[in-house]
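Reviewing the structure listed below.
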Amino acid sequence: MPTTPSRPRLLATALALAACAAVPTTAATAATAATATASPAPPERPPAAAGCALKGTTGWTDEGHDTDPAQFQRATGTHRVLTLFVDFPDAPAADSTEAYAAELAPAADWMRTASYGRSRLAIDFTRQWVRMPAASTGYGFQRGLTFEAHERYLRDAVTAADPSTDFSRYDMVYVVPARTASAISFSPTYLYDPATPGVTADGARVKWAVTFGQDMWHWGHKVAVHETAHTFGLPDLYAFSGDTHRFVGGWDVMGNIAGRAPQYLGWHAWKLGWIDDDQVACQAAPGRRTVRLSPVERPGGKKIAVVRTGPTTAYVAESRRAEGNDPRPCSTGVLIYKVDSATATGEGPVRVMNGHPSATPPAGCTPLDLAAYGPGESFTDPAAGVRIDVLAGGATGDTVRVTARRPAS
Ligand SMILES: [Zn+2]
């Protein structure tokens, strides 16, 4: 949709208010290598993956394949991240920055693994505290943060650090508050508004930032990869209202940051350019095909089988295993989910289909965490004319047969 100058501001406000990674206690206000599979498939024409690339229509973070390069960072290559440590007149730092850096630093390895080496965070940690000009209680975090208040917080941090920092060397900024600043409670992402002057330093616009809150001590480094992925254009998969984790449970770090299977969905890997079109098996017309899926936790091979069901909708099947960024998933096998690129962030743009809705989850797992389908199991959506059968599973991944009975119109 066309955007007005105020539109991005409102949306950014919504993003911040939506408790992007809100602390649990305030949840009510609320985140290639080429090891192809061993058995060489018979030569097949490169799949017309483009036929399954959905167009985003929300004007903000969504599941559309193309991402607005004016609003969001490219998701590939090296991102130079400057981390600022801030304290406040009412909340002076009482410790060194070392533990703070240690808490967030693993985000770099996590992101590199998640992206099959295509996205790197080169995180620089300044060692000194810089003093903010206003009290920690003066930035509006307690009342819910507006875009303007959030930008003021970022501007104050950048201005305070500017004398000792060359901001032109960086793509984005992390701002980390002292533990004593309890008022800075949650960790919203800042995405600049191209229509406003915004925050500048050293002749450079600060376009993207994550301002961490005390919830970073709950979530750990995965709050950094969740928030940073917003700057790449990914939406929130948890629900902004109602039962928070009803859409995707603990699948994908854009859902529950503390979930048991945080590796990004294969659909996200495709959107972000971490896998290639030939790693996508697309069924965009009536027909049937068998696809050998390589787990999304490892590089190489076919990553997703997609059945397009409409202009903005598709079903996706991918293989999940207990490895890489998912060391302890609650279930493994074929994860099947519905994507709708017209659904806004926080409203369920991805919905995981539960293969075992009556199973009792063990401690630490939710019912939806048991969603993965095993060999012999199948998913059907009669209304959409879609069927997905899991034919086999093994060390190299899963084999599925996807059937589309209706044209995707
Ligand atoms: Zn978020």
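Chain lettering (A, B, ...) mirrors the order of the structure tokens, residue numbering begins at 1 for each chain separately, and ligand numbering begins at 1 in order of display.
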request  = Please provide as a list of chain:residue names all residues within 8 Å of range 349-356 of chain A, with the sequence filter that same-chain residues fewer than 3 positions apart are discarded (counting only C-alpha atoms).
outcome  =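 Final neighbour list, sorted by chain and number: A:Asp62, A:Glu63, A:Pro235, A:Leu237, A:Phe247, A:Val248, A:Gly249, A:Leu335, A:Ile336, A:Tyr337, A:Lys338, A:Val339, A:Asp340, A:Ser341, A:Ala342, A:Thr343, A:Ala344, A:Thr345, A:Gly346, A:Ala359, A:Pro367, A:Leu368, A:Leu370, A:Ala371, A:Ala372, A:Tyr373, A:Glu377, A:Ser378, A:Phe379.
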Nearest to Glu297 in chain A by atom-to-atom distance, counting only C-alpha atoms, from A:Leu191, A:Val86, A:Ala284, A:Leu265 =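 Nearest to Glu297 in chain A: A:Leu265.
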ask   = Given the choices A:Lys207, A:Ala49, A:Asp66, A:Val307, which gets closest to Val280 in chain A if the distance is worked out from only C-alpha atoms?
value =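 Selected residue with least distance to Val280 in chain A: A:Ala49.
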ask   = CA of Ala201 in chain A and CA of His230 in chain A, how far apart in Å?
value = 22.5 Å
query = Could you name the residues that touch range 290-292 of chain A at 12 Å or less, counting only C-alpha atoms, but leaving out those on the same chain fewer than 2 positions away, as number ranges by chain?
reply = A: 36-42, 44, 47, 279-283, 287-288, 294-295, 300-307, 316-319, 334, 387-404
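Distance annotation: of A:Thr360, A:Asn325, A:Thr58, A:Thr309, the residue with the minimal separation from Ala383 in chain A is A:Thr309; atom set is only C-alpha atoms.
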ask   = So which residues of range 240-320 of chain A fall under helix (DSSP H, G or I) by DSSP, listed as a list in words?
value = Gly266, Trp267, His268, Ala269, Trp270, Lys271, Asp277, Asp278 and Gln279 of chain A
query = Of the candidates A:Gly250, A:Gly51, A:Gly220, A:Gly144, which one gets nearest to Ala107 in chain A if we count only C-alpha atoms?
reply =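 The shortest atom-to-atom distance to Ala107 in chain A comes from A:Gly220.
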task = Step one, run DSSP on the backbone; step two, keep only residues of range 77-315 of chain A assigned to strand (DSSP E); then write them as an MDAnalysis selection string.
result = chainID A and resid 77:87 119:131 172:177 189:191 200:201 204:205 208:211 280:283 287:293 304:308 313:315
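Neighbours of Glu323 in chain A closer than or equal to 10 Å, with only C-alpha atoms counted and sequence neighbours fewer than 2 positions away skipped, come out as Ala261, Gln263, Pro295, Val296, Glu297, Arg298, Arg320, Arg321, Asn325, Asp326, Pro327, Arg328 and Pro329 of chain A.
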query = If you measure from CA of Phe167 in chain A to CA of Gly198 in chain A, what distance in Å do you get, rounded to one decimal?
reply = 14.3 Å
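With only C-alpha atoms and all ligand atoms as the atoms that count, the residue of A:Thr78, A:Ser409, A:Thr61, A:Thr380 with the shortest distance to ligand 1 is A:Thr61.
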ask   = To one decimal place, how far is CA of Phe85 in chain A from CA of Asp156 in chain A in Å?
value =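 According to the coordinates, CA of Phe85 in chain A and CA of Asp156 in chain A are separated by 12.1 Å.
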